[in-house]
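Undergrad: The structure file work36.cif (mmCIF, N, CA and C atoms) is provided below.
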data_query
loop_
_atom_site.label_atom_id
_atom_site.label_comp_id
_atom_site.auth_asym_id
_atom_site.auth_seq_id
_atom_site.Cartn_x
_atom_site.Cartn_y
_atom_site.Cartn_z
N MET A 1 4.51 -7.76 5.94
CA MET A 1 3.88 -8.00 4.68
C MET A 1 4.48 -7.06 3.65
N ALA A 2 4.70 -7.57 2.45
CA ALA A 2 5.30 -6.76 1.39
C ALA A 2 4.82 -7.26 0.04
N ALA A 3 4.80 -6.38 -0.93
CA ALA A 3 4.50 -6.80 -2.29
C ALA A 3 5.69 -7.58 -2.81
N ALA A 4 5.41 -8.59 -3.61
CA ALA A 4 6.51 -9.41 -4.14
C ALA A 4 6.18 -9.83 -5.56
N GLY A 5 7.14 -9.75 -6.43
CA GLY A 5 6.94 -10.15 -7.81
C GLY A 5 6.12 -9.14 -8.58
N LYS A 6 5.90 -9.45 -9.85
CA LYS A 6 5.12 -8.55 -10.70
C LYS A 6 3.63 -8.86 -10.61
N TYR A 7 2.83 -7.86 -10.87
CA TYR A 7 1.39 -8.00 -11.03
C TYR A 7 0.66 -8.47 -9.78
N GLY A 8 1.26 -8.36 -8.62
CA GLY A 8 0.59 -8.74 -7.39
C GLY A 8 0.28 -10.22 -7.29
N ASN A 9 1.08 -11.07 -7.91
CA ASN A 9 0.84 -12.51 -7.85
C ASN A 9 1.38 -13.17 -6.59
N TYR A 10 2.16 -12.44 -5.83
CA TYR A 10 2.78 -13.00 -4.63
C TYR A 10 2.63 -12.05 -3.46
N LEU A 11 2.60 -12.63 -2.28
CA LEU A 11 2.64 -11.87 -1.04
C LEU A 11 4.02 -12.09 -0.45
N GLY A 12 4.64 -11.04 -0.01
CA GLY A 12 5.96 -11.17 0.59
C GLY A 12 5.86 -11.08 2.11
N GLU A 13 6.66 -11.89 2.79
CA GLU A 13 6.73 -11.83 4.25
C GLU A 13 8.18 -11.51 4.62
N VAL A 14 8.36 -10.41 5.32
CA VAL A 14 9.69 -9.98 5.74
C VAL A 14 9.70 -9.91 7.25
N ASN A 15 10.67 -10.56 7.88
CA ASN A 15 10.82 -10.54 9.34
C ASN A 15 12.19 -9.99 9.70
N LEU A 16 12.20 -9.00 10.56
CA LEU A 16 13.44 -8.40 11.04
C LEU A 16 13.49 -8.51 12.55
N THR A 17 14.63 -8.89 13.10
CA THR A 17 14.83 -8.93 14.55
C THR A 17 15.84 -7.86 14.91
N PHE A 18 15.45 -7.01 15.84
CA PHE A 18 16.30 -5.90 16.26
C PHE A 18 16.82 -6.12 17.68
N GLU A 19 18.05 -5.75 17.91
CA GLU A 19 18.63 -5.67 19.25
C GLU A 19 19.46 -4.41 19.30
N ALA A 20 19.21 -3.60 20.30
CA ALA A 20 19.93 -2.33 20.46
C ALA A 20 19.86 -1.50 19.18
N HIS A 21 18.67 -1.43 18.60
CA HIS A 21 18.41 -0.62 17.41
C HIS A 21 19.18 -1.09 16.17
N LYS A 22 19.63 -2.34 16.15
CA LYS A 22 20.33 -2.89 14.99
C LYS A 22 19.67 -4.19 14.57
N VAL A 23 19.62 -4.42 13.27
CA VAL A 23 19.07 -5.67 12.75
C VAL A 23 20.07 -6.79 13.02
N VAL A 24 19.61 -7.82 13.75
CA VAL A 24 20.50 -8.94 14.07
C VAL A 24 20.10 -10.21 13.32
N HIS A 25 18.89 -10.24 12.78
CA HIS A 25 18.44 -11.40 12.01
C HIS A 25 17.37 -10.94 11.03
N LYS A 26 17.40 -11.52 9.84
CA LYS A 26 16.39 -11.17 8.85
C LYS A 26 16.04 -12.38 8.00
N THR A 27 14.77 -12.50 7.67
CA THR A 27 14.30 -13.54 6.77
C THR A 27 13.26 -12.92 5.84
N ALA A 28 13.13 -13.52 4.67
CA ALA A 28 12.11 -13.08 3.72
C ALA A 28 11.67 -14.27 2.90
N LYS A 29 10.39 -14.30 2.57
CA LYS A 29 9.90 -15.36 1.69
C LYS A 29 8.74 -14.82 0.88
N ILE A 30 8.46 -15.49 -0.24
CA ILE A 30 7.31 -15.11 -1.04
C ILE A 30 6.28 -16.24 -1.00
N ILE A 31 5.03 -15.85 -1.03
CA ILE A 31 3.93 -16.80 -0.97
C ILE A 31 3.05 -16.57 -2.19
N PRO A 32 2.90 -17.56 -3.07
CA PRO A 32 2.01 -17.38 -4.22
C PRO A 32 0.57 -17.17 -3.73
N LEU A 33 -0.09 -16.14 -4.23
CA LEU A 33 -1.45 -15.85 -3.79
C LEU A 33 -2.40 -17.01 -4.08
N GLU A 34 -2.14 -17.76 -5.13
CA GLU A 34 -3.02 -18.87 -5.48
C GLU A 34 -3.04 -19.97 -4.42
N THR A 35 -2.04 -19.99 -3.52
CA THR A 35 -2.00 -21.01 -2.47
C THR A 35 -2.74 -20.57 -1.20
N LEU A 36 -3.15 -19.32 -1.14
CA LEU A 36 -3.83 -18.82 0.04
C LEU A 36 -5.33 -19.08 -0.07
N PRO A 37 -6.01 -19.29 1.06
CA PRO A 37 -7.45 -19.52 1.01
C PRO A 37 -8.18 -18.25 0.56
N GLU A 38 -9.27 -18.44 -0.17
CA GLU A 38 -10.06 -17.29 -0.61
C GLU A 38 -10.86 -16.76 0.58
N VAL A 39 -10.87 -15.46 0.72
CA VAL A 39 -11.60 -14.82 1.81
C VAL A 39 -12.70 -13.96 1.19
N LYS A 40 -13.92 -14.21 1.58
CA LYS A 40 -15.04 -13.43 1.07
C LYS A 40 -15.10 -12.10 1.81
N THR A 41 -15.08 -11.02 1.06
CA THR A 41 -15.20 -9.68 1.65
C THR A 41 -16.18 -8.87 0.82
N SER A 42 -16.58 -7.75 1.37
CA SER A 42 -17.42 -6.81 0.62
C SER A 42 -16.70 -5.48 0.48
N PHE A 43 -15.37 -5.52 0.47
CA PHE A 43 -14.57 -4.30 0.41
C PHE A 43 -14.90 -3.46 -0.82
N GLU A 44 -15.04 -4.11 -1.98
CA GLU A 44 -15.29 -3.35 -3.20
C GLU A 44 -16.64 -2.63 -3.14
N GLU A 45 -17.67 -3.33 -2.72
CA GLU A 45 -18.99 -2.71 -2.61
C GLU A 45 -19.00 -1.60 -1.57
N GLU A 46 -18.38 -1.85 -0.42
CA GLU A 46 -18.31 -0.83 0.63
C GLU A 46 -17.54 0.39 0.14
N GLY A 47 -16.45 0.15 -0.57
CA GLY A 47 -15.66 1.26 -1.10
C GLY A 47 -16.44 2.09 -2.10
N LYS A 48 -17.17 1.42 -3.00
CA LYS A 48 -17.97 2.15 -3.98
C LYS A 48 -19.05 2.98 -3.29
N THR A 49 -19.65 2.43 -2.25
CA THR A 49 -20.67 3.17 -1.51
C THR A 49 -20.05 4.39 -0.83
N LEU A 50 -18.92 4.19 -0.16
CA LEU A 50 -18.26 5.30 0.53
C LEU A 50 -17.78 6.38 -0.43
N MET A 51 -17.35 5.97 -1.61
CA MET A 51 -16.79 6.92 -2.58
C MET A 51 -17.83 7.51 -3.51
N SER A 52 -19.10 7.13 -3.38
CA SER A 52 -20.12 7.58 -4.32
C SER A 52 -20.54 9.03 -4.11
N ASN A 53 -20.33 9.57 -2.93
CA ASN A 53 -20.71 10.95 -2.65
C ASN A 53 -19.48 11.82 -2.48
N PRO A 54 -19.30 12.81 -3.39
CA PRO A 54 -18.15 13.71 -3.24
C PRO A 54 -18.22 14.49 -1.93
N VAL A 55 -17.08 14.68 -1.31
CA VAL A 55 -17.04 15.47 -0.07
C VAL A 55 -16.39 16.83 -0.30
N ILE A 56 -15.72 17.00 -1.44
CA ILE A 56 -15.08 18.27 -1.75
C ILE A 56 -14.86 18.37 -3.26
N GLN A 57 -14.90 19.57 -3.77
CA GLN A 57 -14.55 19.83 -5.17
C GLN A 57 -13.32 20.71 -5.15
N HIS A 58 -12.16 20.12 -5.38
CA HIS A 58 -10.90 20.88 -5.35
C HIS A 58 -9.93 20.24 -6.34
N PRO A 59 -10.13 20.53 -7.64
CA PRO A 59 -9.24 19.90 -8.63
C PRO A 59 -7.79 20.36 -8.48
N VAL A 60 -6.87 19.40 -8.59
CA VAL A 60 -5.44 19.70 -8.53
C VAL A 60 -4.72 18.86 -9.58
N VAL A 61 -3.57 19.33 -9.99
CA VAL A 61 -2.72 18.57 -10.90
C VAL A 61 -1.58 17.99 -10.08
N LEU A 62 -1.46 16.68 -10.07
CA LEU A 62 -0.40 16.01 -9.33
C LEU A 62 0.65 15.52 -10.31
N LYS A 63 1.88 15.96 -10.12
CA LYS A 63 2.98 15.57 -11.00
C LYS A 63 3.37 14.12 -10.73
N ARG A 64 3.80 13.44 -11.79
CA ARG A 64 4.27 12.06 -11.67
C ARG A 64 5.79 12.04 -11.79
N SER A 65 6.41 11.18 -10.99
CA SER A 65 7.85 10.99 -11.09
C SER A 65 8.20 9.66 -10.46
N MET A 66 9.20 9.00 -11.02
CA MET A 66 9.61 7.70 -10.50
C MET A 66 10.89 7.77 -9.68
N ASN A 67 11.53 8.94 -9.62
CA ASN A 67 12.82 8.99 -8.93
C ASN A 67 12.82 9.87 -7.68
N HIS A 68 11.67 10.32 -7.25
CA HIS A 68 11.59 11.02 -5.97
C HIS A 68 10.16 10.98 -5.46
N ILE A 69 9.96 11.33 -4.21
CA ILE A 69 8.64 11.30 -3.61
C ILE A 69 7.81 12.45 -4.17
N THR A 70 6.67 12.12 -4.74
CA THR A 70 5.80 13.15 -5.30
C THR A 70 4.76 13.55 -4.26
N GLU A 71 4.10 14.63 -4.54
CA GLU A 71 3.03 15.08 -3.64
C GLU A 71 1.93 14.02 -3.56
N ALA A 72 1.64 13.37 -4.69
CA ALA A 72 0.61 12.33 -4.71
C ALA A 72 0.98 11.17 -3.79
N ALA A 73 2.23 10.71 -3.88
CA ALA A 73 2.67 9.61 -3.03
C ALA A 73 2.65 10.01 -1.56
N TYR A 74 3.08 11.23 -1.29
CA TYR A 74 3.10 11.71 0.09
C TYR A 74 1.67 11.80 0.64
N LEU A 75 0.76 12.37 -0.14
CA LEU A 75 -0.63 12.50 0.32
C LEU A 75 -1.27 11.13 0.54
N LEU A 76 -0.97 10.18 -0.34
CA LEU A 76 -1.52 8.84 -0.19
C LEU A 76 -0.99 8.17 1.08
N ALA A 77 0.32 8.23 1.30
CA ALA A 77 0.90 7.63 2.50
C ALA A 77 0.39 8.32 3.76
N GLN A 78 0.27 9.64 3.72
CA GLN A 78 -0.24 10.39 4.87
C GLN A 78 -1.69 9.98 5.17
N SER A 79 -2.50 9.80 4.13
CA SER A 79 -3.89 9.39 4.32
C SER A 79 -3.99 7.99 4.90
N VAL A 80 -3.14 7.07 4.42
CA VAL A 80 -3.14 5.70 4.95
C VAL A 80 -2.77 5.72 6.43
N CYS A 81 -1.75 6.49 6.80
CA CYS A 81 -1.35 6.59 8.21
C CYS A 81 -2.48 7.14 9.06
N GLU A 82 -3.11 8.19 8.56
CA GLU A 82 -4.20 8.81 9.33
C GLU A 82 -5.36 7.84 9.51
N TYR A 83 -5.75 7.15 8.45
CA TYR A 83 -6.89 6.25 8.50
C TYR A 83 -6.62 5.03 9.39
N THR A 84 -5.40 4.49 9.31
CA THR A 84 -5.08 3.26 10.04
C THR A 84 -4.45 3.51 11.40
N HIS A 85 -4.18 4.77 11.72
CA HIS A 85 -3.50 5.14 12.97
C HIS A 85 -2.11 4.50 13.05
N ALA A 86 -1.48 4.32 11.90
CA ALA A 86 -0.14 3.73 11.85
C ALA A 86 0.92 4.83 11.97
N GLN A 87 2.13 4.43 12.31
CA GLN A 87 3.23 5.38 12.41
C GLN A 87 3.93 5.58 11.08
N CYS A 88 3.74 4.64 10.15
CA CYS A 88 4.36 4.79 8.84
C CYS A 88 3.54 4.03 7.80
N ALA A 89 3.77 4.35 6.55
CA ALA A 89 3.12 3.65 5.44
C ALA A 89 4.12 3.57 4.30
N ILE A 90 4.16 2.43 3.66
CA ILE A 90 5.00 2.24 2.49
C ILE A 90 4.07 1.94 1.33
N ILE A 91 4.13 2.77 0.32
CA ILE A 91 3.21 2.66 -0.81
C ILE A 91 4.01 2.32 -2.07
N MET A 92 3.61 1.25 -2.75
CA MET A 92 4.18 0.95 -4.06
C MET A 92 3.33 1.71 -5.06
N LEU A 93 3.73 2.91 -5.40
CA LEU A 93 2.91 3.76 -6.25
C LEU A 93 2.76 3.20 -7.65
N ALA A 94 3.66 2.35 -8.08
CA ALA A 94 3.54 1.75 -9.41
C ALA A 94 2.21 1.01 -9.55
N TYR A 95 1.71 0.44 -8.45
CA TYR A 95 0.43 -0.27 -8.50
C TYR A 95 -0.73 0.67 -8.73
N SER A 96 -0.60 1.92 -8.36
CA SER A 96 -1.71 2.86 -8.47
C SER A 96 -1.52 3.88 -9.58
N LEU A 97 -0.50 3.74 -10.42
CA LEU A 97 -0.28 4.71 -11.48
C LEU A 97 -1.44 4.79 -12.46
N LYS A 98 -2.10 3.66 -12.74
CA LYS A 98 -3.21 3.72 -13.67
C LYS A 98 -4.38 4.51 -13.09
N ILE A 99 -4.48 4.58 -11.77
CA ILE A 99 -5.52 5.38 -11.13
C ILE A 99 -5.25 6.86 -11.34
N LEU A 100 -3.99 7.25 -11.22
CA LEU A 100 -3.62 8.65 -11.34
C LEU A 100 -3.62 9.06 -12.79
#
As structure tokens, what does this structure read like?

TA:
Amino acid sequence: MAAAGKYGNYLGEVNLTFEAHKVVHKTAKIIPLETLPEVKTSFEEEGKTLMSNPVIQHPVVLKRSMNHITEAAYLLAQSVCEYTHAQCAIIMLAYSLKIL
């Protein structure tokens, strides 16, 4: 799964086939989000509930940069890995710049 296009209007699907640690086949396609079935979730409400109580008061200034990995991007990716028990995380920080 990958972000595709501007403004999150598309979902990207990337498939890689490896043999002996080398990519031997690759495909990619984009899927317009409007063609996908709507899924009812309560993620927003659950998130607001979880985020409503501060767990720490530790103000910091996080520098912004578009040409190298910032502390903010690193902390976000590290948190995603920790929460999901994944081995890696790829974050499109441009999507979250308005948050920062």

Undergrad: State, in Å with one decimal place, the distance from atom C of Lys48 (chain A) to atom N of Ser79 (chain A).

TA: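 Those two atoms sit 19.4 Å apart.
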
Undergrad: Would you give me, as a list of chain:residue names, the residues in chain A that DSSP reads as strand (DSSP E or B)?

TA: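 The strand (DSSP E or B) residues within chain A come out as A:Ala2, A:Ala3, A:Ala4, A:Tyr10, A:Leu11, A:Gly12, A:Glu13, A:Val14, A:Asn15, A:Leu16, A:Thr17, A:Phe18, A:Glu19, A:Lys22, A:Val23, A:Val24, A:His25, A:Lys26, A:Thr27, A:Ala28, A:Lys29, A:Ile30, A:Ile31, A:Pro32.
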
Undergrad: Just want the 9 Å neighbourhood of Ala73 (chain A), counted on only C-alpha atoms, with same-chain residues fewer than 4 positions away dropped. Output as a PDB file with N, CA and C atoms, in the frame of the given file.

TA:
ATOM      1  N   ILE A  69       9.960  11.330  -4.210  1.00  0.00           N
ATOM      2  CA  ILE A  69       8.640  11.300  -3.610  1.00  0.00           C
ATOM      3  C   ILE A  69       7.810  12.450  -4.170  1.00  0.00           C
ATOM      4  N   ALA A  77       0.320   8.230   1.300  1.00  0.00           N
ATOM      5  CA  ALA A  77       0.900   7.630   2.500  1.00  0.00           C
ATOM      6  C   ALA A  77       0.390   8.320   3.760  1.00  0.00           C
ATOM      7  N   GLN A  78       0.270   9.640   3.720  1.00  0.00           N
ATOM      8  CA  GLN A  78      -0.240  10.390   4.870  1.00  0.00           C
ATOM      9  C   GLN A  78      -1.690   9.980   5.170  1.00  0.00           C
ATOM     10  N   ILE A  91       4.130   2.770   0.320  1.00  0.00           N
ATOM     11  CA  ILE A  91       3.210   2.660  -0.810  1.00  0.00           C
ATOM     12  C   ILE A  91       4.010   2.320  -2.070  1.00  0.00           C
ATOM     13  N   MET A  92       3.610   1.250  -2.750  1.00  0.00           N
ATOM     14  CA  MET A  92       4.180   0.950  -4.060  1.00  0.00           C
ATOM     15  C   MET A  92       3.330   1.710  -5.060  1.00  0.00           C
ATOM     16  N   LEU A  93       3.730   2.910  -5.400  1.00  0.00           N
ATOM     17  CA  LEU A  93       2.910   3.760  -6.250  1.00  0.00           C
ATOM     18  C   LEU A  93       2.760   3.200  -7.650  1.00  0.00           C
TER      19      LEU A  93
END

Undergrad: Report the residues retrieved by the PyMOL selection byres ((chain A and resi 3-14) around 7) from the displayed file, expressed as a VMD selection string.

TA: chain A and resid 1 to 2 15 to 16 26 to 34

Undergrad: Could you tell me how far atom N of Ala72 (chain A) lies from atom N of Ser42 (chain A), in Å and to one decimal?

TA: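 Here the two named atoms are 28.5 Å from each other.
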
Undergrad: Report the residues of chain A whose backbone DSSP state falls under helix (DSSP H, G or I), written as a CSV table (one decimal) with N, CA and C atoms, in the coordinates of the input.

TA:
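Just written: states-v8.csv:
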chain,number,residue,atom,x,y,z
A,6,LYS,N,5.9,-9.4,-9.8
A,6,LYS,CA,5.1,-8.6,-10.7
A,6,LYS,C,3.6,-8.9,-10.6
A,7,TYR,N,2.8,-7.9,-10.9
A,7,TYR,CA,1.4,-8.0,-11.0
A,7,TYR,C,0.7,-8.5,-9.8
A,8,GLY,N,1.3,-8.4,-8.6
A,8,GLY,CA,0.6,-8.7,-7.4
A,8,GLY,C,0.3,-10.2,-7.3
A,33,LEU,N,-0.1,-16.1,-4.2
A,33,LEU,CA,-1.4,-15.8,-3.8
A,33,LEU,C,-2.4,-17.0,-4.1
A,34,GLU,N,-2.1,-17.8,-5.1
A,34,GLU,CA,-3.0,-18.9,-5.5
A,34,GLU,C,-3.0,-20.0,-4.4
A,35,THR,N,-2.0,-20.0,-3.5
A,35,THR,CA,-2.0,-21.0,-2.5
A,35,THR,C,-2.7,-20.6,-1.2
A,43,PHE,N,-15.4,-5.5,0.5
A,43,PHE,CA,-14.6,-4.3,0.4
A,43,PHE,C,-14.9,-3.5,-0.8
A,44,GLU,N,-15.0,-4.1,-2.0
A,44,GLU,CA,-15.3,-3.4,-3.2
A,44,GLU,C,-16.6,-2.6,-3.1
A,45,GLU,N,-17.7,-3.3,-2.7
A,45,GLU,CA,-19.0,-2.7,-2.6
A,45,GLU,C,-19.0,-1.6,-1.6
A,46,GLU,N,-18.4,-1.8,-0.4
A,46,GLU,CA,-18.3,-0.8,0.6
A,46,GLU,C,-17.5,0.4,0.1
A,47,GLY,N,-16.4,0.2,-0.6
A,47,GLY,CA,-15.7,1.3,-1.1
A,47,GLY,C,-16.4,2.1,-2.1
A,48,LYS,N,-17.2,1.4,-3.0
A,48,LYS,CA,-18.0,2.2,-4.0
A,48,LYS,C,-19.0,3.0,-3.3
A,49,THR,N,-19.6,2.4,-2.2
A,49,THR,CA,-20.7,3.2,-1.5
A,49,THR,C,-20.0,4.4,-0.8
A,50,LEU,N,-18.9,4.2,-0.2
A,50,LEU,CA,-18.3,5.3,0.5
A,50,LEU,C,-17.8,6.4,-0.4
A,51,MET,N,-17.4,6.0,-1.6
A,51,MET,CA,-16.8,6.9,-2.6
A,51,MET,C,-17.8,7.5,-3.5
A,71,GLU,N,4.1,14.6,-4.5
A,71,GLU,CA,3.0,15.1,-3.6
A,71,GLU,C,1.9,14.0,-3.6
A,72,ALA,N,1.6,13.4,-4.7
A,72,ALA,CA,0.6,12.3,-4.7
A,72,ALA,C,1.0,11.2,-3.8
A,73,ALA,N,2.2,10.7,-3.9
A,73,ALA,CA,2.7,9.6,-3.0
A,73,ALA,C,2.6,10.0,-1.6
A,74,TYR,N,3.1,11.2,-1.3
A,74,TYR,CA,3.1,11.7,0.1
A,74,TYR,C,1.7,11.8,0.6
A,75,LEU,N,0.8,12.4,-0.1
A,75,LEU,CA,-0.6,12.5,0.3
A,75,LEU,C,-1.3,11.1,0.5
A,76,LEU,N,-1.0,10.2,-0.3
A,76,LEU,CA,-1.5,8.8,-0.2
A,76,LEU,C,-1.0,8.2,1.1
A,77,ALA,N,0.3,8.2,1.3
A,77,ALA,CA,0.9,7.6,2.5
A,77,ALA,C,0.4,8.3,3.8
A,78,GLN,N,0.3,9.6,3.7
A,78,GLN,CA,-0.2,10.4,4.9
A,78,GLN,C,-1.7,10.0,5.2
A,79,SER,N,-2.5,9.8,4.1
A,79,SER,CA,-3.9,9.4,4.3
A,79,SER,C,-4.0,8.0,4.9
A,80,VAL,N,-3.1,7.1,4.4
A,80,VAL,CA,-3.1,5.7,5.0
A,80,VAL,C,-2.8,5.7,6.4
A,81,CYS,N,-1.8,6.5,6.8
A,81,CYS,CA,-1.4,6.6,8.2
A,81,CYS,C,-2.5,7.1,9.1
A,82,GLU,N,-3.1,8.2,8.6
A,82,GLU,CA,-4.2,8.8,9.3
A,82,GLU,C,-5.4,7.8,9.5
A,83,TYR,N,-5.8,7.2,8.4
A,83,TYR,CA,-6.9,6.2,8.5
A,83,TYR,C,-6.6,5.0,9.4
A,84,THR,N,-5.4,4.5,9.3
A,84,THR,CA,-5.1,3.3,10.0
A,84,THR,C,-4.4,3.5,11.4
A,93,LEU,N,3.7,2.9,-5.4
A,93,LEU,CA,2.9,3.8,-6.2
A,93,LEU,C,2.8,3.2,-7.6
A,94,ALA,N,3.7,2.4,-8.1
A,94,ALA,CA,3.5,1.8,-9.4
A,94,ALA,C,2.2,1.0,-9.6
A,95,TYR,N,1.7,0.4,-8.4
A,95,TYR,CA,0.4,-0.3,-8.5
A,95,TYR,C,-0.7,0.7,-8.7
A,96,SER,N,-0.6,1.9,-8.4
A,96,SER,CA,-1.7,2.9,-8.5
A,96,SER,C,-1.5,3.9,-9.6

Undergrad: What is the atom C of Thr70 (chain A) to atom C of Ala89 (chain A) distance in Å?

TA: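 One can read the atom C of Thr70 (chain A) to atom C of Ala89 (chain A) distance as 13.2 Å.
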